Amino acid sequence: MADASNSDNGGKDQTFKIRRLEISDKRKGYMELLGQLTVTGSVTDDEFDQRFKEISSHGDDHLICVIEEESSGRIAATGSVMIEKKFLRNCGKVGHIEDIVVNSEFRGKHLGKQVVDFLADHCRAMGCYKVILDCSVEKQVFYEKCGLVNKGIQMSKYFD
């Protein structure tokens, strides 16, 4: 868990705390934040709780972090990482970063970089030999500022 202060909001100091997702974060705007990234659907409290417990059962192999704005208790940013165990590279591990989003009200405060750094540090601590993510062309410069490099083309097949 890490703290960061930011006074770039019209004179009011804001303090942010980065930490793991907690089951109570749905009430702090977590699902609405994800809705700024993509379609979330209507997730009930029971569905959220069940999925939270399922994800938590994977321990450090599936980590969702959030940044909370402490004075309001609102979730300002989030991201996740899944650790893939491989046979390649002497049974190495790769971290797959997903779902990076910063609330539009909190953008410009370097919170997205803090999320990516937090997740990458987790991967390093877990023994991963690399961390990867997919992004749109519009986000490439941001991720390059986070230390990632473009290594190819992303392909998808949706079952929707």
# chains A, B, ... in the order shown; residues from 1 in each chain; ligands from 1
call {"tool": "closest_atom_pairs", "arguments": {"of": "region 125-154 of chain A", "to": "region 59-70 of chain A", "cutoff": "12 Å", "atoms": "only C-alpha atoms", "output": "tab-separated table"}}
result
residue	atom	partner	partner_atom	distance
A:Ala125	CA	A:Asp60	CA	10.1
A:Met126	CA	A:Asp60	CA	7.9
A:Gly127	CA	A:Asp61	CA	11.1
A:Cys128	CA	A:Asp61	CA	10.8
call {"tool": "write_last_selection", "arguments": {"atoms": "N, CA, C and O atoms", "output": "PDB file, in the first residue's frame"}}
result
ATOM      1  N   ALA A 125       8.037  -8.970  -8.266  1.00  0.00           N
ATOM      2  CA  ALA A 125       8.135  -9.658  -6.979  1.00  0.00           C
ATOM      3  C   ALA A 125       7.662 -11.110  -7.065  1.00  0.00           C
ATOM      4  O   ALA A 125       8.138 -11.968  -6.309  1.00  0.00           O
ATOM      5  N   MET A 126       6.762 -11.400  -8.008  1.00  0.00           N
ATOM      6  CA  MET A 126       6.246 -12.760  -8.201  1.00  0.00           C
ATOM      7  C   MET A 126       7.168 -13.594  -9.090  1.00  0.00           C
ATOM      8  O   MET A 126       6.881 -14.749  -9.359  1.00  0.00           O
ATOM      9  N   GLY A 127       8.257 -12.995  -9.565  1.00  0.00           N
ATOM     10  CA  GLY A 127       9.218 -13.738 -10.375  1.00  0.00           C
ATOM     11  C   GLY A 127       8.919 -13.764 -11.859  1.00  0.00           C
ATOM     12  O   GLY A 127       9.477 -14.592 -12.586  1.00  0.00           O
ATOM     13  N   CYS A 128       8.070 -12.878 -12.333  1.00  0.00           N
ATOM     14  CA  CYS A 128       7.784 -12.821 -13.769  1.00  0.00           C
ATOM     15  C   CYS A 128       9.004 -12.324 -14.530  1.00  0.00           C
ATOM     16  O   CYS A 128       9.737 -11.463 -14.052  1.00  0.00           O
TER      17      CYS A 128
END
call {"tool": "residues_around", "arguments": {"residues": "Cys146 (chain A)", "least_positions_apart": "3", "cutoff": "9 Å", "atoms": "only C-alpha atoms", "output": "MDAnalysis selection string"}}
result
chainID A and resid 113:114 116:117 141:143
call {"tool": "write_last_selection", "arguments": {"atoms": "N, CA and C atoms", "output": "mmCIF file, in the first residue's frame"}}
result
data_model
loop_
_atom_site.group_PDB
_atom_site.id
_atom_site.type_symbol
_atom_site.label_atom_id
_atom_site.label_comp_id
_atom_site.auth_asym_id
_atom_site.auth_seq_id
_atom_site.Cartn_x
_atom_site.Cartn_y
_atom_site.Cartn_z
ATOM 1 N N LYS A 113 -0.145 5.860 -14.207
ATOM 2 C CA LYS A 113 1.240 5.387 -14.124
ATOM 3 C C LYS A 113 1.480 4.700 -12.785
ATOM 4 N N GLN A 114 0.907 5.232 -11.712
ATOM 5 C CA GLN A 114 1.061 4.590 -10.407
ATOM 6 C C GLN A 114 0.459 3.185 -10.416
ATOM 7 N N VAL A 116 0.035 1.178 -13.108
ATOM 8 C CA VAL A 116 0.882 0.315 -13.935
ATOM 9 C C VAL A 116 2.156 -0.051 -13.176
ATOM 10 N N ASP A 117 2.780 0.913 -12.516
ATOM 11 C CA ASP A 117 3.997 0.639 -11.747
ATOM 12 C C ASP A 117 3.728 -0.344 -10.609
ATOM 13 N N VAL A 141 1.470 5.957 -26.323
ATOM 14 C CA VAL A 141 2.426 6.907 -25.741
ATOM 15 C C VAL A 141 2.386 6.845 -24.218
ATOM 16 N N PHE A 142 1.185 6.735 -23.651
ATOM 17 C CA PHE A 142 1.069 6.621 -22.188
ATOM 18 C C PHE A 142 1.839 5.404 -21.680
ATOM 19 N N TYR A 143 1.639 4.258 -22.299
ATOM 20 C CA TYR A 143 2.305 3.041 -21.827
ATOM 21 C C TYR A 143 3.808 3.081 -22.076
#
call {"tool": "atom_distance", "arguments": {"atom1": "CA of Glu98 (chain A)", "atom2": "CA of Ile83 (chain A)"}}
result
11.3 Å
call {"tool": "residues_around", "arguments": {"residues": "Asp45 (chain A)", "least_positions_apart": "5", "cutoff": "12 Å", "atoms": "only C-alpha atoms", "output": "list in words"}}
result
Ile23, Ser24, Asp25, Lys26, Arg27, Tyr30, Met31, Gln50, Arg51 and Phe52 of chain A
call {"tool": "write_last_selection", "arguments": {"atoms": "N, CA, C and O atoms", "output": "PDB file, in the first residue's frame"}}
result
ATOM      1  N   ILE A  23     -13.792  -5.908  -1.022  1.00  0.00           N
ATOM      2  CA  ILE A  23     -15.165  -6.252  -1.372  1.00  0.00           C
ATOM      3  C   ILE A  23     -16.109  -5.055  -1.220  1.00  0.00           C
ATOM      4  O   ILE A  23     -17.104  -4.940  -1.927  1.00  0.00           O
ATOM      5  N   SER A  24     -15.760  -4.118  -0.349  1.00  0.00           N
ATOM      6  CA  SER A  24     -16.593  -2.929  -0.126  1.00  0.00           C
ATOM      7  C   SER A  24     -16.412  -1.865  -1.213  1.00  0.00           C
ATOM      8  O   SER A  24     -17.138  -0.873  -1.229  1.00  0.00           O
ATOM      9  N   ASP A  25     -15.478  -2.059  -2.147  1.00  0.00           N
ATOM     10  CA  ASP A  25     -15.196  -1.025  -3.143  1.00  0.00           C
ATOM     11  C   ASP A  25     -16.303  -0.843  -4.168  1.00  0.00           C
ATOM     12  O   ASP A  25     -16.359   0.191  -4.839  1.00  0.00           O
ATOM     13  N   LYS A  26     -17.209  -1.791  -4.287  1.00  0.00           N
ATOM     14  CA  LYS A  26     -18.348  -1.591  -5.189  1.00  0.00           C
ATOM     15  C   LYS A  26     -19.136  -0.364  -4.743  1.00  0.00           C
ATOM     16  O   LYS A  26     -19.585   0.424  -5.572  1.00  0.00           O
ATOM     17  N   ARG A  27     -19.268  -0.171  -3.441  1.00  0.00           N
ATOM     18  CA  ARG A  27     -19.991   0.988  -2.908  1.00  0.00           C
ATOM     19  C   ARG A  27     -19.212   2.288  -3.073  1.00  0.00           C
ATOM     20  O   ARG A  27     -19.761   3.374  -2.864  1.00  0.00           O
ATOM     21  N   TYR A  30     -16.498   1.599  -7.758  1.00  0.00           N
ATOM     22  CA  TYR A  30     -15.619   0.765  -8.573  1.00  0.00           C
ATOM     23  C   TYR A  30     -16.259   0.380  -9.911  1.00  0.00           C
ATOM     24  O   TYR A  30     -15.627   0.495 -10.961  1.00  0.00           O
ATOM     25  N   MET A  31     -17.490  -0.070  -9.902  1.00  0.00           N
ATOM     26  CA  MET A  31     -18.142  -0.506 -11.142  1.00  0.00           C
ATOM     27  C   MET A  31     -18.387   0.682 -12.084  1.00  0.00           C
ATOM     28  O   MET A  31     -18.235   0.554 -13.296  1.00  0.00           O
ATOM     29  N   GLN A  50     -19.607 -12.558  -5.266  1.00  0.00           N
ATOM     30  CA  GLN A  50     -19.221 -13.889  -5.725  1.00  0.00           C
ATOM     31  C   GLN A  50     -17.978 -13.815  -6.604  1.00  0.00           C
ATOM     32  O   GLN A  50     -17.042 -14.601  -6.457  1.00  0.00           O
ATOM     33  N   ARG A  51     -17.932 -12.861  -7.543  1.00  0.00           N
ATOM     34  CA  ARG A  51     -16.772 -12.738  -8.423  1.00  0.00           C
ATOM     35  C   ARG A  51     -15.543 -12.291  -7.633  1.00  0.00           C
ATOM     36  O   ARG A  51     -14.433 -12.770  -7.873  1.00  0.00           O
ATOM     37  N   PHE A  52     -15.737 -11.399  -6.656  1.00  0.00           N
ATOM     38  CA  PHE A  52     -14.619 -10.958  -5.818  1.00  0.00           C
ATOM     39  C   PHE A  52     -13.995 -12.162  -5.099  1.00  0.00           C
ATOM     40  O   PHE A  52     -12.778 -12.312  -5.078  1.00  0.00           O
TER      41      PHE A  52
END
call {"tool": "residues_around", "arguments": {"residues": "Gly112 (chain A)", "least_positions_apart": "6", "cutoff": "10 Å", "atoms": "only C-alpha atoms", "output": "list in words"}}
result
Ile67, Ala76, Ala77, Thr78, Gly79, Ile100, Val101, Val102, Asn103, Phe106, Phe118, Phe142, Tyr143 and Cys146 of chain A
call {"tool": "closest_residue", "arguments": {"among": "A:Asp99, A:Glu144, A:Phe159, A:Ala120", "to": "Thr40 (chain A)", "atoms": "only C-alpha atoms"}}
result
A:Asp99
call {"tool": "decode", "arguments": {"residues": "region 121-155 of chain A", "atoms": "N, CA and C atoms", "output": "PDB file, in the first residue's frame"}}
result
ATOM      1  N   ASP A 121       5.504  -3.903 -10.475  1.00  0.00           N
ATOM      2  CA  ASP A 121       6.303  -4.263  -9.287  1.00  0.00           C
ATOM      3  C   ASP A 121       5.826  -5.578  -8.684  1.00  0.00           C
ATOM      4  N   HIS A 122       4.509  -5.778  -8.671  1.00  0.00           N
ATOM      5  CA  HIS A 122       3.949  -7.041  -8.178  1.00  0.00           C
ATOM      6  C   HIS A 122       4.454  -8.200  -9.029  1.00  0.00           C
ATOM      7  N   CYS A 123       4.431  -8.021 -10.348  1.00  0.00           N
ATOM      8  CA  CYS A 123       4.900  -9.072 -11.256  1.00  0.00           C
ATOM      9  C   CYS A 123       6.372  -9.380 -11.022  1.00  0.00           C
ATOM     10  N   ARG A 124       7.168  -8.362 -10.855  1.00  0.00           N
ATOM     11  CA  ARG A 124       8.605  -8.560 -10.592  1.00  0.00           C
ATOM     12  C   ARG A 124       8.775  -9.353  -9.293  1.00  0.00           C
ATOM     13  N   ALA A 125       8.037  -8.970  -8.266  1.00  0.00           N
ATOM     14  CA  ALA A 125       8.135  -9.658  -6.979  1.00  0.00           C
ATOM     15  C   ALA A 125       7.662 -11.110  -7.065  1.00  0.00           C
ATOM     16  N   MET A 126       6.762 -11.400  -8.008  1.00  0.00           N
ATOM     17  CA  MET A 126       6.246 -12.760  -8.201  1.00  0.00           C
ATOM     18  C   MET A 126       7.168 -13.594  -9.090  1.00  0.00           C
ATOM     19  N   GLY A 127       8.257 -12.995  -9.565  1.00  0.00           N
ATOM     20  CA  GLY A 127       9.218 -13.738 -10.375  1.00  0.00           C
ATOM     21  C   GLY A 127       8.919 -13.764 -11.859  1.00  0.00           C
ATOM     22  N   CYS A 128       8.070 -12.878 -12.333  1.00  0.00           N
ATOM     23  CA  CYS A 128       7.784 -12.821 -13.769  1.00  0.00           C
ATOM     24  C   CYS A 128       9.004 -12.324 -14.530  1.00  0.00           C
ATOM     25  N   TYR A 129       9.207 -12.871 -15.735  1.00  0.00           N
ATOM     26  CA  TYR A 129      10.308 -12.396 -16.568  1.00  0.00           C
ATOM     27  C   TYR A 129       9.881 -11.233 -17.452  1.00  0.00           C
ATOM     28  N   LYS A 130       8.562 -11.000 -17.586  1.00  0.00           N
ATOM     29  CA  LYS A 130       8.074  -9.833 -18.313  1.00  0.00           C
ATOM     30  C   LYS A 130       6.622  -9.576 -17.925  1.00  0.00           C
ATOM     31  N   VAL A 131       6.172  -8.384 -18.291  1.00  0.00           N
ATOM     32  CA  VAL A 131       4.773  -8.017 -18.136  1.00  0.00           C
ATOM     33  C   VAL A 131       4.320  -7.493 -19.496  1.00  0.00           C
ATOM     34  N   ILE A 132       3.107  -7.868 -19.882  1.00  0.00           N
ATOM     35  CA  ILE A 132       2.580  -7.452 -21.180  1.00  0.00           C
ATOM     36  C   ILE A 132       1.167  -6.899 -21.011  1.00  0.00           C
ATOM     37  N   LEU A 133       0.745  -6.137 -22.022  1.00  0.00           N
ATOM     38  CA  LEU A 133      -0.635  -5.652 -22.048  1.00  0.00           C
ATOM     39  C   LEU A 133      -1.001  -5.325 -23.475  1.00  0.00           C
ATOM     40  N   ASP A 134      -2.277  -5.257 -23.739  1.00  0.00           N
ATOM     41  CA  ASP A 134      -2.808  -4.821 -25.024  1.00  0.00           C
ATOM     42  C   ASP A 134      -3.386  -3.428 -24.822  1.00  0.00           C
ATOM     43  N   CYS A 135      -3.207  -2.569 -25.825  1.00  0.00           N
ATOM     44  CA  CYS A 135      -3.785  -1.232 -25.731  1.00  0.00           C
ATOM     45  C   CYS A 135      -4.120  -0.712 -27.111  1.00  0.00           C
ATOM     46  N   SER A 136      -4.915   0.328 -27.142  1.00  0.00           N
ATOM     47  CA  SER A 136      -5.231   0.997 -28.401  1.00  0.00           C
ATOM     48  C   SER A 136      -4.048   1.868 -28.812  1.00  0.00           C
ATOM     49  N   VAL A 137      -4.013   2.217 -30.076  1.00  0.00           N
ATOM     50  CA  VAL A 137      -2.952   3.084 -30.592  1.00  0.00           C
ATOM     51  C   VAL A 137      -2.937   4.410 -29.823  1.00  0.00           C
ATOM     52  N   GLU A 138      -4.109   4.891 -29.451  1.00  0.00           N
ATOM     53  CA  GLU A 138      -4.206   6.169 -28.735  1.00  0.00           C
ATOM     54  C   GLU A 138      -3.529   6.127 -27.362  1.00  0.00           C
ATOM     55  N   LYS A 139      -3.429   4.963 -26.769  1.00  0.00           N
ATOM     56  CA  LYS A 139      -2.828   4.823 -25.434  1.00  0.00           C
ATOM     57  C   LYS A 139      -1.353   4.434 -25.477  1.00  0.00           C
ATOM     58  N   GLN A 140      -0.801   4.208 -26.660  1.00  0.00           N
ATOM     59  CA  GLN A 140       0.575   3.722 -26.785  1.00  0.00           C
ATOM     60  C   GLN A 140       1.580   4.658 -26.113  1.00  0.00           C
ATOM     61  N   VAL A 141       1.470   5.957 -26.323  1.00  0.00           N
ATOM     62  CA  VAL A 141       2.426   6.907 -25.741  1.00  0.00           C
ATOM     63  C   VAL A 141       2.386   6.845 -24.218  1.00  0.00           C
ATOM     64  N   PHE A 142       1.185   6.735 -23.651  1.00  0.00           N
ATOM     65  CA  PHE A 142       1.069   6.621 -22.188  1.00  0.00           C
ATOM     66  C   PHE A 142       1.839   5.404 -21.680  1.00  0.00           C
ATOM     67  N   TYR A 143       1.639   4.258 -22.299  1.00  0.00           N
ATOM     68  CA  TYR A 143       2.305   3.041 -21.827  1.00  0.00           C
ATOM     69  C   TYR A 143       3.808   3.081 -22.076  1.00  0.00           C
ATOM     70  N   GLU A 144       4.232   3.758 -23.125  1.00  0.00           N
ATOM     71  CA  GLU A 144       5.675   3.945 -23.321  1.00  0.00           C
ATOM     72  C   GLU A 144       6.266   4.771 -22.186  1.00  0.00           C
ATOM     73  N   LYS A 145       5.522   5.772 -21.699  1.00  0.00           N
ATOM     74  CA  LYS A 145       5.975   6.568 -20.544  1.00  0.00           C
ATOM     75  C   LYS A 145       6.058   5.707 -19.281  1.00  0.00           C
ATOM     76  N   CYS A 146       5.324   4.614 -19.268  1.00  0.00           N
ATOM     77  CA  CYS A 146       5.364   3.673 -18.141  1.00  0.00           C
ATOM     78  C   CYS A 146       6.474   2.639 -18.303  1.00  0.00           C
ATOM     79  N   GLY A 147       7.245   2.731 -19.384  1.00  0.00           N
ATOM     80  CA  GLY A 147       8.381   1.839 -19.587  1.00  0.00           C
ATOM     81  C   GLY A 147       8.113   0.634 -20.468  1.00  0.00           C
ATOM     82  N   LEU A 148       6.929   0.530 -21.054  1.00  0.00           N
ATOM     83  CA  LEU A 148       6.629  -0.583 -21.945  1.00  0.00           C
ATOM     84  C   LEU A 148       7.008  -0.220 -23.376  1.00  0.00           C
ATOM     85  N   VAL A 149       7.247  -1.233 -24.193  1.00  0.00           N
ATOM     86  CA  VAL A 149       7.582  -1.011 -25.595  1.00  0.00           C
ATOM     87  C   VAL A 149       6.625  -1.799 -26.481  1.00  0.00           C
ATOM     88  N   ASN A 150       6.362  -1.263 -27.659  1.00  0.00           N
ATOM     89  CA  ASN A 150       5.489  -1.921 -28.623  1.00  0.00           C
ATOM     90  C   ASN A 150       6.213  -3.144 -29.184  1.00  0.00           C
ATOM     91  N   LYS A 151       5.613  -4.325 -29.017  1.00  0.00           N
ATOM     92  CA  LYS A 151       6.248  -5.565 -29.466  1.00  0.00           C
ATOM     93  C   LYS A 151       5.431  -6.297 -30.521  1.00  0.00           C
ATOM     94  N   GLY A 152       4.352  -5.707 -31.025  1.00  0.00           N
ATOM     95  CA  GLY A 152       3.626  -6.426 -32.057  1.00  0.00           C
ATOM     96  C   GLY A 152       2.189  -6.013 -32.186  1.00  0.00           C
ATOM     97  N   ILE A 153       1.391  -6.918 -32.677  1.00  0.00           N
ATOM     98  CA  ILE A 153      -0.005  -6.683 -32.981  1.00  0.00           C
ATOM     99  C   ILE A 153      -0.873  -7.521 -32.053  1.00  0.00           C
ATOM    100  N   GLN A 154      -1.927  -6.934 -31.580  1.00  0.00           N
ATOM    101  CA  GLN A 154      -2.879  -7.652 -30.741  1.00  0.00           C
ATOM    102  C   GLN A 154      -4.015  -8.152 -31.621  1.00  0.00           C
ATOM    103  N   MET A 155      -4.437  -9.379 -31.406  1.00  0.00           N
ATOM    104  CA  MET A 155      -5.544  -9.967 -32.140  1.00  0.00           C
ATOM    105  C   MET A 155      -6.614 -10.398 -31.130  1.00  0.00           C
TER     106      MET A 155
END
